[in-house]
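Everything on this sheet refers to the single structure shown next.
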Amino acid sequence: MAKRFSALLQFALVLALGYAIQMAMDAGMINRYYAHVMTVMAIFVVGAVSLNLINGICGQFSLGHAGFMAVGAYTAAIITKNPDLILPAIFTGNVRFILATLLGGMTAAFVGFLVGLPSLRLRGDYLAIVTLGFGEIIRILLLNWDFVGGASGYFGLVRHTNFFAAFLLSIITITIIRNFIQSSHGRACVSIREDEIAAETMGVPTTRYKVIAFVIASFFAGTAGSMMAHLTQMVTPASFTFILSIELLLMVVLGGLGSITGSIGAAIFLTYAAEALRAFRAYRMILYSLLLILIMLFRPKGLLGTQELSYGLLKESFKSLRTRWQRKKNDDITAAAE
Amino acid sequence: MKRKLSLVLVVTMVLSLALTGCGGNQPQAPAAPAAPEEIKIGSVFPVTGAIATFGQSSLNGTQLAFEEINNAGGVLGGRKLVLINEDNQSKTEETATAFQKLITQDEVSAILGSVASSHSLAGAPIAQAAGIPMLSPTSTNPRVTEVGDFIFRACFIDPFQGQVMAKFALETLGVTTAAMLVEQDSDYSKGLAAYFKKAFEAGGGTIVAEEGYKSTDTDFSAILTRVKAANPAVVFVPAYYGTVGPILRQAQAAEIDAVFLGGDGWDSDKLFELAGDAANGGFFSNHYSPDAGTPEVEAFLAAYQAKFNAVPDALAALAYDAAYMLAQAIEEAGSVEGVAIRDALAAINFTGVSGSVTFDENRNPVKSAVIIEIRDGKQVYKATVNP
């Protein structure tokens, strides 16, 4: 009971912090450019953490995340732009946006289910190809659907997304996915990653768990798509090429496959790096890529590996640093004595 | 050892990022003491990504214009124009961020850009909300300027090119039958085709065949056989040079003896590489021609070749015009306030490389188009068509 209360308190405190930041933005204490970049960071956190559930926790290689984001983005955009389509017209403004985002996520989850059911029987490279193909199919369908503007995109959305909305979504995503991983279902997913044959031998219904993880991840990808659409106030098929999937994959790998805090950190860091490197003008993307190569060379496991950043980990690494320091000092003393 | 090295690397990386982050906040170039205040103009041209070559041309044109304006004494009694270009990596979301950055961080007075219509559409609401005039040199989609009264463009819109080519086919070539090959996944292609058809049929012509293909197709023999069977006098192919090249080559192989027509997407030297002599005899509409012979074009050509050692394409010409147009608007406004520049732009009467420009009530330019003939693997100026 006390544990649940403290978890709720933590949740409330984090939300209050997000709200305070939003208030500071509204009051002009944080300028609009920073506000925009922070919002984009929060959206990428949702995308990266949800992809981590498939690629990192479950050990399946998916390249279709952009496709799910596209489904969510377009579904939500259609709902908010047409006041009497799908949802009754009594829902307006932000309420309509929230419902549209949820429906966008649900549609993406449903599509994820349809794609996942047959394809998750495949492994490794084959699954990557299937999901890649799926992402392209979604994009090409949207490219040819005149109702949503075809190639030039769907415009004139209202800017519903603000920092707090994206922040709230990212906190919800992190909480749900973290709880899922710590549940017995999540453990089953991890067992699939570690050794699929062994997991199956132990009676874990592997395909079922893979589909569950896939559907949850698709849901959050869809909601992230909706947030992105209502931030840029337009959606175009060109935004959802497989490059976006690769970028999200990059965040997951860079942060460490299987580490939620790693994905969060990498999503924030990469968005920040792309902006900070603007000072280098034309060389920006070269430096950005160089940065990735360097990190992968020196940290092939990703920044955090499969570990989570927590007080415990910090304490431990501090301790190990101190013992090493101590040992080195002792060595020096012995060396000096000799 | 390795661990220590990696630690050092990580620390340097983080520090360099933090430092560049700070550096970005400082003014781009320290102003000389006592010099009149500089006027900051932003631009969002893609110099990386899918359409990087378009962005580079646009940036070249803008830089050349700013250099000339500054050397001639600047605007508003000696104030220099400073260009701050933000790359958008040819991405929609990045364009929104770049606009936000230019307006909030750099506090620019106006923005030139972006190149592609979908990118401009992502930036336009931000410029409109902030009351910063935006002038896109090359975004041809009609919806761009519909975002609001601060959004302008320097090029004619897609429907106009379709009308121009229909008029040219009917009146100059004197034909009455036409076929159309339309790229199904491109709004540009569909837009031009729709207006060509409308104008051509209104002028008494008939469309005898209408075939569709995808921008990724490479084999067009099936649709070309059907076109040949319909026996049109002209074939309208509104698409970019990458697909037009193979189409022209395969049409020659299929022995179609119709005249091929196109839009500004044909404007690239690559077309001759792709199509070879099959391109000869074709006509396309464009924003400007290096052979038009007006004093503005001659001066621009000479300056551009001296600086970049290349023949400027239409993107460079339009960006050059847009930069001059903005400078003239600032001069006429007598101020760098957004509303003043907007009003001056709306009322502008400008003559540049790509002709004379005034804006209509939707902030689209009223200007002429040129028809270019392809003869002996070269672009030759054919005619100027007025709206």
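Just remember, in the structure tokens the first chain shown is A, the second B, etc., residues are 1-based per chain, and ligands are 1-based in the order shown.
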Residues within 9 Å of range 220-222 of chain A, only C-alpha atoms, excluding chain neighbours under 5 positions, as a PyMOL selection string
chain A and resi 46-51+65-73+75-76+101-109+169+173+215+227
Skipping near chain neighbours, those fewer than 3 positions away, what residues fall within 9 Å of range 234-237 of chain A using only C-alpha atoms, listed as a VMD selection string?
(chain A and resid 70 73 to 74 77 138 to 140 142 to 143 148 to 158 228 to 231 240 to 241) or (chain B and resid 92 118 121 to 122)
Contacts of Ser310 in chain A at 12 Å or less, counting only C-alpha atoms, minus same-chain residues fewer than 6 places along, as a VMD selection string?
chain A and resid 259 to 262 304 316 to 317
Could you save those same residues with C-alpha atoms as a compact mmCIF listing (two decimals), in the first residue's frame?
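Below is the file that was written, selection.txt:
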# COMPACT_ATOMS: atom_id res chain seq x y z
CA SER A 259 17.50 -0.15 -21.53
CA ILE A 260 14.55 2.21 -21.24
CA THR A 261 16.56 4.96 -19.60
CA GLY A 262 19.13 4.44 -22.35
CA LEU A 304 23.82 2.03 -21.03
CA GLU A 316 27.56 1.20 -7.52
CA SER A 317 29.58 2.79 -10.27
Rows by chain and residue number, chain A within 7 Å of chain B, shortest pair, only C-alpha atoms, as CSV:
residue,atom,partner,partner_atom,distance
A:Asn31,CA,B:Thr104,CA,6.9
A:Arg32,CA,B:Thr104,CA,6.3
A:Tyr33,CA,B:Lys101,CA,5.2
A:His36,CA,B:Thr97,CA,6.9
A:Leu143,CA,B:Asp185,CA,6.1
A:Asn144,CA,B:Asp185,CA,6.1
A:Ala151,CA,B:Ser186,CA,5.7
A:Ser152,CA,B:Ser118,CA,5.7
A:Gly153,CA,B:Ser118,CA,6.9
A:Thr232,CA,B:Ala122,CA,5.9
A:Gln233,CA,B:Ala122,CA,6.8
A:Met234,CA,B:Ala122,CA,6.5
A:Ser239,CA,B:Thr92,CA,6.3
A:Ala273,CA,B:Leu17,CA,6.8
A:Ala276,CA,B:Gly21,CA,4.8
A:Leu277,CA,B:Thr20,CA,6.8
A:Ala279,CA,B:Gly24,CA,5.7
A:Ala282,CA,B:Val47,CA,6.9
A:Phe298,CA,B:Ser6,CA,6.1
Hey, can you spit out that residue selection with N, CA and C atoms as a CSV table (one decimal), in the first residue's frame?
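Wrote it out as again_25.csv, contents follow:
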chain,number,residue,atom,x,y,z
A,31,ASN,N,12.2,30.3,-24.4
A,31,ASN,CA,11.8,30.8,-25.6
A,31,ASN,C,11.2,29.7,-26.5
A,32,ARG,N,10.5,30.1,-27.6
A,32,ARG,CA,9.7,29.1,-28.4
A,32,ARG,C,10.5,28.1,-29.1
A,33,TYR,N,11.7,28.5,-29.4
A,33,TYR,CA,12.6,27.5,-30.1
A,33,TYR,C,13.0,26.4,-29.2
A,36,HIS,N,10.0,24.2,-28.6
A,36,HIS,CA,9.8,23.4,-29.8
A,36,HIS,C,10.7,22.2,-29.7
A,143,LEU,N,0.4,7.9,-50.1
A,143,LEU,CA,0.9,8.7,-51.2
A,143,LEU,C,-0.2,8.8,-52.3
A,144,ASN,N,-1.0,7.8,-52.4
A,144,ASN,CA,-2.0,7.7,-53.4
A,144,ASN,C,-3.4,7.9,-53.0
A,151,ALA,N,0.6,13.1,-52.3
A,151,ALA,CA,2.0,13.3,-52.1
A,151,ALA,C,2.3,14.6,-51.3
A,152,SER,N,1.5,15.6,-51.6
A,152,SER,CA,1.9,16.9,-50.9
A,152,SER,C,1.5,17.0,-49.5
A,153,GLY,N,0.6,16.0,-49.0
A,153,GLY,CA,0.4,16.0,-47.6
A,153,GLY,C,-1.0,16.6,-47.2
A,232,THR,N,3.7,19.9,-36.1
A,232,THR,CA,4.1,20.5,-37.4
A,232,THR,C,2.9,21.0,-38.1
A,233,GLN,N,1.7,20.7,-37.7
A,233,GLN,CA,0.4,21.2,-38.2
A,233,GLN,C,0.2,20.6,-39.6
A,234,MET,N,0.9,19.6,-40.0
A,234,MET,CA,0.7,18.9,-41.3
A,234,MET,C,1.3,17.5,-41.2
A,239,SER,N,7.4,12.3,-44.6
A,239,SER,CA,8.0,12.3,-43.2
A,239,SER,C,8.1,10.9,-42.7
A,273,ALA,N,21.9,17.0,-30.0
A,273,ALA,CA,23.1,17.1,-30.8
A,273,ALA,C,22.8,17.7,-32.2
A,276,ALA,N,22.4,21.4,-31.6
A,276,ALA,CA,23.7,22.0,-31.1
A,276,ALA,C,24.7,22.1,-32.3
A,277,LEU,N,24.7,21.1,-33.2
A,277,LEU,CA,25.6,21.1,-34.3
A,277,LEU,C,25.3,22.1,-35.4
A,279,ALA,N,25.6,25.1,-35.4
A,279,ALA,CA,26.6,26.1,-35.5
A,279,ALA,C,27.6,25.7,-36.6
A,282,ALA,N,27.1,23.6,-42.8
A,282,ALA,CA,27.0,22.5,-43.8
A,282,ALA,C,27.7,21.2,-43.3
A,298,PHE,N,33.3,3.0,-29.3
A,298,PHE,CA,33.8,2.9,-27.9
A,298,PHE,C,32.8,2.3,-27.0
So that I can check the surroundings of Val208 in chain B, please list as a short mmCIF file (atom, residue, chain, number, x, y, z; two decimals) with C-alpha atoms, in the first residue's frame every protein, DNA and RNA residue that reaches within 8 Å of it, counting only C-alpha atoms and ignoring chain neighbours fewer than 2 positions away.
data_model
loop_
_atom_site.label_atom_id
_atom_site.label_comp_id
_atom_site.auth_asym_id
_atom_site.auth_seq_id
_atom_site.Cartn_x
_atom_site.Cartn_y
_atom_site.Cartn_z
CA THR B 177 -4.72 16.21 -80.37
CA ALA B 178 -2.64 15.50 -77.29
CA ALA B 179 -1.74 12.60 -75.02
CA THR B 206 -8.90 16.69 -77.62
CA GLU B 210 -4.10 9.67 -70.65
CA ALA B 230 -3.85 6.86 -80.13
CA ASN B 231 -1.64 8.82 -82.56
CA PRO B 232 -1.49 12.22 -80.81
#
For Val40 in chain A, please output as a PDB file with N, CA, C and O atoms, in the first residue's frame all residues within 9 Å (counting only C-alpha atoms; exclusion window: fewer than 2 positions along the same chain).
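Generated file (out.pdb):
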ATOM      1  N   ALA A  35      11.338  25.530 -26.544  1.00  0.00           N
ATOM      2  CA  ALA A  35      10.093  24.815 -26.260  1.00  0.00           C
ATOM      3  C   ALA A  35       9.813  23.798 -27.368  1.00  0.00           C
ATOM      4  O   ALA A  35       9.456  22.649 -27.108  1.00  0.00           O
ATOM      5  N   HIS A  36      10.016  24.248 -28.609  1.00  0.00           N
ATOM      6  CA  HIS A  36       9.764  23.365 -29.757  1.00  0.00           C
ATOM      7  C   HIS A  36      10.699  22.157 -29.710  1.00  0.00           C
ATOM      8  O   HIS A  36      10.266  21.016 -29.860  1.00  0.00           O
ATOM      9  N   VAL A  37      11.980  22.413 -29.485  1.00  0.00           N
ATOM     10  CA  VAL A  37      12.951  21.320 -29.460  1.00  0.00           C
ATOM     11  C   VAL A  37      12.655  20.342 -28.321  1.00  0.00           C
ATOM     12  O   VAL A  37      12.714  19.126 -28.487  1.00  0.00           O
ATOM     13  N   MET A  38      12.266  20.883 -27.158  1.00  0.00           N
ATOM     14  CA  MET A  38      11.952  20.005 -26.025  1.00  0.00           C
ATOM     15  C   MET A  38      10.726  19.147 -26.327  1.00  0.00           C
ATOM     16  O   MET A  38      10.663  17.976 -25.938  1.00  0.00           O
ATOM     17  N   ALA A  42      10.503  15.022 -26.439  1.00  0.00           N
ATOM     18  CA  ALA A  42       9.532  14.190 -25.727  1.00  0.00           C
ATOM     19  C   ALA A  42       8.861  13.211 -26.697  1.00  0.00           C
ATOM     20  O   ALA A  42       8.633  12.049 -26.362  1.00  0.00           O
ATOM     21  N   ILE A  43       8.569  13.683 -27.910  1.00  0.00           N
ATOM     22  CA  ILE A  43       7.917  12.807 -28.885  1.00  0.00           C
ATOM     23  C   ILE A  43       8.864  11.680 -29.296  1.00  0.00           C
ATOM     24  O   ILE A  43       8.467  10.518 -29.403  1.00  0.00           O
ATOM     25  N   PHE A  44      10.135  12.017 -29.483  1.00  0.00           N
ATOM     26  CA  PHE A  44      11.092  10.986 -29.864  1.00  0.00           C
ATOM     27  C   PHE A  44      11.317   9.996 -28.721  1.00  0.00           C
ATOM     28  O   PHE A  44      11.621   8.831 -28.964  1.00  0.00           O
ATOM     29  N   VAL A  45      11.192  10.472 -27.477  1.00  0.00           N
ATOM     30  CA  VAL A  45      11.297   9.551 -26.338  1.00  0.00           C
ATOM     31  C   VAL A  45      10.217   8.477 -26.455  1.00  0.00           C
ATOM     32  O   VAL A  45      10.486   7.280 -26.311  1.00  0.00           O
ATOM     33  N   PHE A 163       4.287  21.328 -25.099  1.00  0.00           N
ATOM     34  CA  PHE A 163       5.287  20.527 -24.390  1.00  0.00           C
ATOM     35  C   PHE A 163       4.633  19.589 -23.381  1.00  0.00           C
ATOM     36  O   PHE A 163       4.959  18.413 -23.303  1.00  0.00           O
ATOM     37  N   ALA A 166       3.119  16.401 -24.881  1.00  0.00           N
ATOM     38  CA  ALA A 166       4.131  15.431 -25.297  1.00  0.00           C
ATOM     39  C   ALA A 166       4.832  14.820 -24.088  1.00  0.00           C
ATOM     40  O   ALA A 166       5.098  13.617 -24.053  1.00  0.00           O
ATOM     41  N   MET A 228       3.282  14.415 -33.282  1.00  0.00           N
ATOM     42  CA  MET A 228       4.145  15.038 -34.281  1.00  0.00           C
ATOM     43  C   MET A 228       3.297  15.799 -35.303  1.00  0.00           C
ATOM     44  O   MET A 228       3.616  16.927 -35.670  1.00  0.00           O
ATOM     45  N   LEU A 231       2.016  18.985 -34.040  1.00  0.00           N
ATOM     46  CA  LEU A 231       3.076  19.952 -33.744  1.00  0.00           C
ATOM     47  C   LEU A 231       3.466  20.679 -35.026  1.00  0.00           C
ATOM     48  O   LEU A 231       3.512  21.899 -35.076  1.00  0.00           O
ATOM     49  N   ILE A 268      16.876  12.090 -26.276  1.00  0.00           N
ATOM     50  CA  ILE A 268      17.116  13.481 -25.889  1.00  0.00           C
ATOM     51  C   ILE A 268      18.463  13.950 -26.436  1.00  0.00           C
ATOM     52  O   ILE A 268      18.571  15.013 -27.050  1.00  0.00           O
ATOM     53  N   THR A 271      18.517  14.405 -30.385  1.00  0.00           N
ATOM     54  CA  THR A 271      17.768  15.591 -30.801  1.00  0.00           C
ATOM     55  C   THR A 271      18.557  16.847 -30.446  1.00  0.00           C
ATOM     56  O   THR A 271      18.665  17.785 -31.239  1.00  0.00           O
TER      57      THR A 271
ATOM     58  N   THR B  97      11.326  23.215 -37.176  1.00  0.00           N
ATOM     59  CA  THR B  97      12.315  23.564 -36.164  1.00  0.00           C
ATOM     60  C   THR B  97      13.197  24.712 -36.647  1.00  0.00           C
ATOM     61  O   THR B  97      13.486  25.646 -35.894  1.00  0.00           O
TER      62      THR B  97
END
Do you know which residues are at most 12 Å from range 370-376 of chain B counting only C-alpha atoms, after dropping those on the same chain fewer than 4 positions away, and could you put them as an NGL selection string?
:B and (156 or 160-161 or 164-169 or 172 or 259-264 or 266-269 or 271-272 or 275-292 or 314 or 353-355 or 380-387)
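As for CA of Leu270 in chain A and CA of Ser191 in chain A, they are spaced 29.9 Å apart.
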Per-residue DSSP, range 111-356 of chain B, filtered to strand (DSSP E), as a ChimeraX atom specification
/B:111-113,134-136,151-153,177-183,206-213,234-236,259-262,283-286,350-352,355-356
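Picture a line from CA of Met180 in chain B to CA of Thr138 in chain B; it runs 24.3 Å.
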